[in-house]
Amino acid sequence: MSKTILIVGGGLAGTIVANGLCRQLGAQLRSGAVSITMLGASDTHMYQPGLLYVPFGRMREHEMFREQSRVLDRRIHYYVDPAKHVDAEKKQVSTQSGRTFKYDYLVLATGSRIMPQSIPGMQEAAHWFYDLEGARKLRDALNNFQGGKIVVNINAPHKCPVAPVEFTLMLHEFLEGKGLRDKCEITYTYPIGRLHSLEPVAHWAGPVFEQLGIKSEIFFNTESVDPVAKTITSMEGSVMPFDLLVTIPPHEGAAVISESGLGKGGWVPTNTKTLHREGSDDIFVVGDTTNIPISKAGSTAHFEADVLIDNLASLVQEGRWAREYDGKAFCFIETGFTTGTYVWFNYQTPPTVAPPSQMLHWFKLAYNRLYWLSARGLL
Amino acid sequence: MAERQTVDARGAFCPGPLMELIAALKLASVGDEVEVLSSDKGSVNDIPAWVAKVGHQFVGSTELDGYWSVIVKKAK
């Protein structure tokens, strides 16, 4: 009897899983023993890390998009019809258009979304670069900016944890290039008691910020933003004036997850090694959707997806388990417009920051294009 | 009815126990408790210090088998 693998979510994680499964299950797909269906929200696929470059005019928008039908293997049944409800008991997913899809194995890859509306005044007064519309507006705001106080404000939880540091260092160079750095004060705020959740990144960033004249305030969790007075207030009691506020808004998971009772805030309780949804042996979770306490980042999603592909393919073909996820994450860190570094770690290995170099920056730029091979399951 | 949620942040290099606690408190209701399991001894000091700053309630911490349990009640 044919097995149906249903993937909910057409972002990076879901796409890698779908394409990777096609590569491993060719014979089963040909014979009809397996079918793969994906439910997504868009007929285009966006390279999200490209958003970091948009405010500085360093990535053209068309470079960030491909048609999803060209990224996905042709053997995948793809529907632009987002999931509305997941019924784990009946093993079925209903969609916004009213369709119902049954599954034997379900992969939840619904991702995360920014929630600036969850903090009073943030949506009205702040800029961000975590979605395309925000990145475009920030690009315009930076192009028109003539000097003043810039606050780079980071909120928990958020994905791509190194992006705020990258943005801050690139902002410094951008303003220098425009001859405006002397007229600007940059202040970076962070929710916990150091500049970054990764301790080695925090230790590295401290002296770099100091050398570049970037101020910082730690233990800053945004309570509200006043769009008229142009001030931002923290839960810890600090009030900071700004002329330009660049925020990393708090994130939540997809509404379909919380509304289906699969996890508070849209995060699904997930086994840290097998990537099973806790309590299910036919539901897997990958990417930002998990509640695993590791970075929500593209690389995390990619490494999880690789493990999930091997395990699902082994289960279908041989009825056995292949391997466990070791918590691996790898993040490039742009340290300006000409140098970069990286950090990697897993559940057992603490992170270290490599010395920044031009070569690592070029590698990152190369990966911005190589990504499309990752999405196709080739890299 | 108040709930207690456990966040297992043992071995988490990023985002780490305090960041996980902040995220969990945002989703909790007033009166709910969040228990953070941390393998970082620093959490025993960091978490109560932050909780006092923002006005939540530190319930207590316990050393267990190579890790710590730190419990916080959402107060506002």
# chains A, B, ... in the order shown; residues from 1 in each chain; ligands from 1

$ select_by_dssp --residues "chain B" --states "alpha helix (DSSP H)" --output "PyMOL selection string"
chain B and resi 17-27+43-54

$ write_last_selection --atoms "N, CA and C atoms" --output "compact mmCIF listing (two decimals), in the first residue's frame"
# COMPACT_ATOMS: atom_id res chain seq x y z
N PRO B 17 19.82 29.55 28.46
CA PRO B 17 18.73 29.44 29.43
C PRO B 17 17.93 30.73 29.66
N LEU B 18 18.61 31.86 29.81
CA LEU B 18 17.87 33.10 30.11
C LEU B 18 17.03 33.53 28.91
N MET B 19 17.58 33.42 27.72
CA MET B 19 16.83 33.76 26.51
C MET B 19 15.61 32.84 26.38
N GLU B 20 15.79 31.57 26.69
CA GLU B 20 14.66 30.62 26.64
C GLU B 20 13.60 31.00 27.67
N LEU B 21 14.06 31.41 28.85
CA LEU B 21 13.12 31.82 29.90
C LEU B 21 12.31 33.05 29.45
N ILE B 22 13.00 34.04 28.89
CA ILE B 22 12.31 35.26 28.44
C ILE B 22 11.25 34.90 27.40
N ALA B 23 11.61 34.03 26.47
CA ALA B 23 10.66 33.62 25.42
C ALA B 23 9.47 32.89 26.04
N ALA B 24 9.75 32.01 27.00
CA ALA B 24 8.66 31.22 27.62
C ALA B 24 7.73 32.13 28.43
N LEU B 25 8.30 33.11 29.14
CA LEU B 25 7.47 34.01 29.95
C LEU B 25 6.53 34.84 29.06
N LYS B 26 6.97 35.18 27.86
CA LYS B 26 6.11 35.96 26.96
C LYS B 26 4.85 35.19 26.60
N LEU B 27 4.94 33.86 26.56
CA LEU B 27 3.79 33.04 26.18
C LEU B 27 2.97 32.58 27.39
N SER B 43 23.38 30.40 35.51
CA SER B 43 21.93 30.65 35.47
C SER B 43 21.37 30.87 36.87
N VAL B 44 21.98 30.24 37.88
CA VAL B 44 21.50 30.34 39.26
C VAL B 44 21.59 31.80 39.74
N ASN B 45 22.54 32.55 39.20
CA ASN B 45 22.65 33.98 39.55
C ASN B 45 21.99 34.88 38.52
N ASP B 46 22.21 34.58 37.22
CA ASP B 46 21.69 35.44 36.14
C ASP B 46 20.18 35.55 36.16
N ILE B 47 19.54 34.39 36.29
CA ILE B 47 18.07 34.39 36.18
C ILE B 47 17.42 35.17 37.33
N PRO B 48 17.77 34.90 38.61
CA PRO B 48 17.16 35.71 39.69
C PRO B 48 17.47 37.20 39.55
N ALA B 49 18.66 37.54 39.07
CA ALA B 49 19.02 38.96 38.92
C ALA B 49 18.12 39.62 37.89
N TRP B 50 17.89 38.95 36.76
CA TRP B 50 17.03 39.52 35.71
C TRP B 50 15.57 39.58 36.18
N VAL B 51 15.13 38.51 36.83
CA VAL B 51 13.74 38.43 37.30
C VAL B 51 13.44 39.59 38.26
N ALA B 52 14.40 39.89 39.14
CA ALA B 52 14.22 41.00 40.08
C ALA B 52 14.13 42.33 39.34
N LYS B 53 14.93 42.49 38.30
CA LYS B 53 14.93 43.74 37.52
C LYS B 53 13.58 44.01 36.86
N VAL B 54 12.94 42.95 36.32
CA VAL B 54 11.72 43.17 35.56
C VAL B 54 10.45 42.96 36.38

$ residues_around --residues "segment 363-375 of chain A" --least-positions-apart "2" --cutoff "8 Å" --atoms "only C-alpha atoms" --output "mmCIF file with C-alpha atoms, in the first residue's frame"
data_model
loop_
_atom_site.group_PDB
_atom_site.id
_atom_site.type_symbol
_atom_site.label_atom_id
_atom_site.label_comp_id
_atom_site.auth_asym_id
_atom_site.auth_seq_id
_atom_site.Cartn_x
_atom_site.Cartn_y
_atom_site.Cartn_z
ATOM 1 C CA LEU A 12 14.016 26.149 3.418
ATOM 2 C CA THR A 15 12.022 22.194 0.569
ATOM 3 C CA ILE A 16 15.308 20.496 1.476
ATOM 4 C CA ASN A 19 13.953 17.310 -2.563
ATOM 5 C CA TYR A 47 16.449 33.199 0.185
ATOM 6 C CA PRO A 49 19.454 35.561 4.534
ATOM 7 C CA GLY A 50 19.569 37.883 1.526
ATOM 8 C CA VAL A 71 13.237 24.654 -6.941
ATOM 9 C CA HIS A 302 19.486 22.347 6.877
ATOM 10 C CA PHE A 332 28.550 32.766 8.770
ATOM 11 C CA GLU A 334 29.566 39.227 8.156
ATOM 12 C CA GLY A 340 33.545 37.766 7.644
ATOM 13 C CA MET A 359 38.167 34.905 2.341
ATOM 14 C CA LEU A 360 35.383 33.982 4.757
ATOM 15 C CA HIS A 361 33.407 37.010 3.547
ATOM 16 C CA GLY A 377 19.097 18.865 -1.928
ATOM 17 C CA LEU A 378 22.450 18.852 -3.763
ATOM 18 C CA LEU A 379 24.704 20.580 -1.222
#

$ closest_atom_pairs --of "chain A" --to "chain B" --cutoff "9 Å" --atoms "only C-alpha atoms" --output "Markdown table"
| residue | atom | partner | partner_atom | distance |
| --- | --- | --- | --- | --- |
| A:Ala156 | CA | B:Ala23 | CA | 5.8 |
| A:Pro157 | CA | B:Ala23 | CA | 5.4 |
| A:Pro161 | CA | B:Pro15 | CA | 7.9 |
| A:Pro191 | CA | B:Met19 | CA | 7.3 |
| A:Ile192 | CA | B:Met19 | CA | 6.7 |
| A:Gly193 | CA | B:Asp46 | CA | 7.8 |
| A:His196 | CA | B:Pro15 | CA | 8.6 |
| A:Ser197 | CA | B:Pro15 | CA | 5.2 |
| A:Leu198 | CA | B:Cys14 | CA | 5.4 |
| A:Glu199 | CA | B:Phe13 | CA | 7.9 |
| A:Phe219 | CA | B:Trp50 | CA | 7.4 |
| A:Asn221 | CA | B:Ile22 | CA | 8.7 |
| A:Ser234 | CA | B:Val54 | CA | 8.9 |
| A:Met235 | CA | B:Val54 | CA | 5.6 |
| A:Glu236 | CA | B:Val54 | CA | 4.9 |
| A:Gly237 | CA | B:Val54 | CA | 7.7 |
| A:Pro250 | CA | B:Ala23 | CA | 8.6 |
| A:Lys264 | CA | B:Leu27 | CA | 7.2 |
| A:Gly265 | CA | B:Leu27 | CA | 6.5 |
| A:Ile292 | CA | B:Ala9 | CA | 8.5 |
| A:Pro293 | CA | B:Ala9 | CA | 5.8 |
| A:Ile294 | CA | B:Cys14 | CA | 5.3 |
| A:Ser295 | CA | B:Cys14 | CA | 5.5 |
| A:Lys296 | CA | B:Pro15 | CA | 8.7 |
| A:Phe345 | CA | B:Phe13 | CA | 8.0 |
| A:Asn346 | CA | B:Phe13 | CA | 8.3 |
| A:Tyr347 | CA | B:Gly11 | CA | 6.1 |
| A:Gln348 | CA | B:Gly11 | CA | 7.3 |
| A:Thr349 | CA | B:Phe13 | CA | 8.9 |
| A:Pro350 | CA | B:Phe13 | CA | 6.7 |
| A:Pro351 | CA | B:Phe13 | CA | 7.5 |

$ residues_around --residues "segment 61-76 of chain B" --least-positions-apart "4" --cutoff "6 Å" --atoms "only C-alpha atoms" --output "ChimeraX atom specification"
/B:30-39,56-57

$ write_last_selection --atoms "C-alpha atoms" --output "mmCIF file, in the first residue's frame"
data_model
loop_
_atom_site.group_PDB
_atom_site.id
_atom_site.type_symbol
_atom_site.label_atom_id
_atom_site.label_comp_id
_atom_site.auth_asym_id
_atom_site.auth_seq_id
_atom_site.Cartn_x
_atom_site.Cartn_y
_atom_site.Cartn_z
ATOM 1 C CA VAL B 30 0.274 35.812 34.930
ATOM 2 C CA GLY B 31 0.620 33.319 37.790
ATOM 3 C CA ASP B 32 2.155 30.587 35.602
ATOM 4 C CA GLU B 33 5.532 29.172 36.562
ATOM 5 C CA VAL B 34 8.404 28.401 34.226
ATOM 6 C CA GLU B 35 11.057 25.927 35.304
ATOM 7 C CA VAL B 36 14.357 26.239 33.467
ATOM 8 C CA LEU B 37 16.754 23.306 33.483
ATOM 9 C CA SER B 38 20.270 24.596 32.919
ATOM 10 C CA SER B 39 23.697 22.992 32.847
ATOM 11 C CA HIS B 56 8.659 38.695 38.088
ATOM 12 C CA GLN B 57 8.954 36.343 41.072
#

$ select_by_dssp --residues "segment 110-350 of chain A" --states "strand (DSSP E or B)" --output "VMD selection string"
chain A and resid 112 to 114 127 148 to 154 184 to 189 215 to 217 222 to 226 231 to 234 239 to 241 244 to 248 251 to 253 268 270 276 to 277 283 to 285 290 329 to 334 340 to 345

$ atom_distance --atom1 "atom CA of Thr290 of chain A" --atom2 "atom CA of Ser260 of chain A"
14.9 Å

$ decode --residues "segment 91-108 of chain A" --atoms "N, CA and C atoms" --output "PDB file, in the first residue's frame"
ATOM      1  N   LYS A  91      -4.794  11.683  11.480  1.00  0.00           N
ATOM      2  CA  LYS A  91      -3.677  11.695  10.526  1.00  0.00           C
ATOM      3  C   LYS A  91      -4.070  12.417   9.238  1.00  0.00           C
ATOM      4  N   GLN A  92      -4.526  13.651   9.407  1.00  0.00           N
ATOM      5  CA  GLN A  92      -4.903  14.435   8.233  1.00  0.00           C
ATOM      6  C   GLN A  92      -4.716  15.928   8.494  1.00  0.00           C
ATOM      7  N   VAL A  93      -4.542  16.645   7.388  1.00  0.00           N
ATOM      8  CA  VAL A  93      -4.341  18.092   7.455  1.00  0.00           C
ATOM      9  C   VAL A  93      -5.377  18.743   6.546  1.00  0.00           C
ATOM     10  N   SER A  94      -6.097  19.726   7.069  1.00  0.00           N
ATOM     11  CA  SER A  94      -7.022  20.470   6.214  1.00  0.00           C
ATOM     12  C   SER A  94      -6.394  21.812   5.866  1.00  0.00           C
ATOM     13  N   THR A  95      -6.770  22.337   4.719  1.00  0.00           N
ATOM     14  CA  THR A  95      -6.114  23.552   4.209  1.00  0.00           C
ATOM     15  C   THR A  95      -7.073  24.729   4.163  1.00  0.00           C
ATOM     16  N   GLN A  96      -6.501  25.879   3.859  1.00  0.00           N
ATOM     17  CA  GLN A  96      -7.315  27.100   3.817  1.00  0.00           C
ATOM     18  C   GLN A  96      -8.380  27.032   2.724  1.00  0.00           C
ATOM     19  N   SER A  97      -8.100  26.309   1.639  1.00  0.00           N
ATOM     20  CA  SER A  97      -9.091  26.231   0.548  1.00  0.00           C
ATOM     21  C   SER A  97     -10.157  25.180   0.814  1.00  0.00           C
ATOM     22  N   GLY A  98      -9.989  24.384   1.877  1.00  0.00           N
ATOM     23  CA  GLY A  98     -11.001  23.382   2.211  1.00  0.00           C
ATOM     24  C   GLY A  98     -10.620  21.957   1.834  1.00  0.00           C
ATOM     25  N   ARG A  99      -9.417  21.765   1.247  1.00  0.00           N
ATOM     26  CA  ARG A  99      -8.987  20.401   0.929  1.00  0.00           C
ATOM     27  C   ARG A  99      -8.579  19.672   2.212  1.00  0.00           C
ATOM     28  N   THR A 100      -8.580  18.336   2.131  1.00  0.00           N
ATOM     29  CA  THR A 100      -8.064  17.515   3.242  1.00  0.00           C
ATOM     30  C   THR A 100      -7.028  16.556   2.689  1.00  0.00           C
ATOM     31  N   PHE A 101      -5.891  16.488   3.350  1.00  0.00           N
ATOM     32  CA  PHE A 101      -4.808  15.601   2.932  1.00  0.00           C
ATOM     33  C   PHE A 101      -4.529  14.592   4.052  1.00  0.00           C
ATOM     34  N   LYS A 102      -4.566  13.305   3.706  1.00  0.00           N
ATOM     35  CA  LYS A 102      -4.214  12.245   4.659  1.00  0.00           C
ATOM     36  C   LYS A 102      -2.699  12.027   4.601  1.00  0.00           C
ATOM     37  N   TYR A 103      -2.139  11.490   5.646  1.00  0.00           N
ATOM     38  CA  TYR A 103      -0.699  11.196   5.609  1.00  0.00           C
ATOM     39  C   TYR A 103      -0.379   9.915   6.369  1.00  0.00           C
ATOM     40  N   ASP A 104       0.754   9.318   5.985  1.00  0.00           N
ATOM     41  CA  ASP A 104       1.352   8.253   6.801  1.00  0.00           C
ATOM     42  C   ASP A 104       2.463   8.839   7.650  1.00  0.00           C
ATOM     43  N   TYR A 105       3.230   9.738   7.025  1.00  0.00           N
ATOM     44  CA  TYR A 105       4.257  10.497   7.764  1.00  0.00           C
ATOM     45  C   TYR A 105       4.007  11.982   7.507  1.00  0.00           C
ATOM     46  N   LEU A 106       4.070  12.755   8.571  1.00  0.00           N
ATOM     47  CA  LEU A 106       3.871  14.200   8.457  1.00  0.00           C
ATOM     48  C   LEU A 106       5.158  14.918   8.863  1.00  0.00           C
ATOM     49  N   VAL A 107       5.585  15.884   8.050  1.00  0.00           N
ATOM     50  CA  VAL A 107       6.739  16.720   8.388  1.00  0.00           C
ATOM     51  C   VAL A 107       6.223  18.140   8.606  1.00  0.00           C
ATOM     52  N   LEU A 108       6.411  18.651   9.816  1.00  0.00           N
ATOM     53  CA  LEU A 108       5.987  20.019  10.117  1.00  0.00           C
ATOM     54  C   LEU A 108       7.174  20.956   9.925  1.00  0.00           C
TER      55      LEU A 108
END
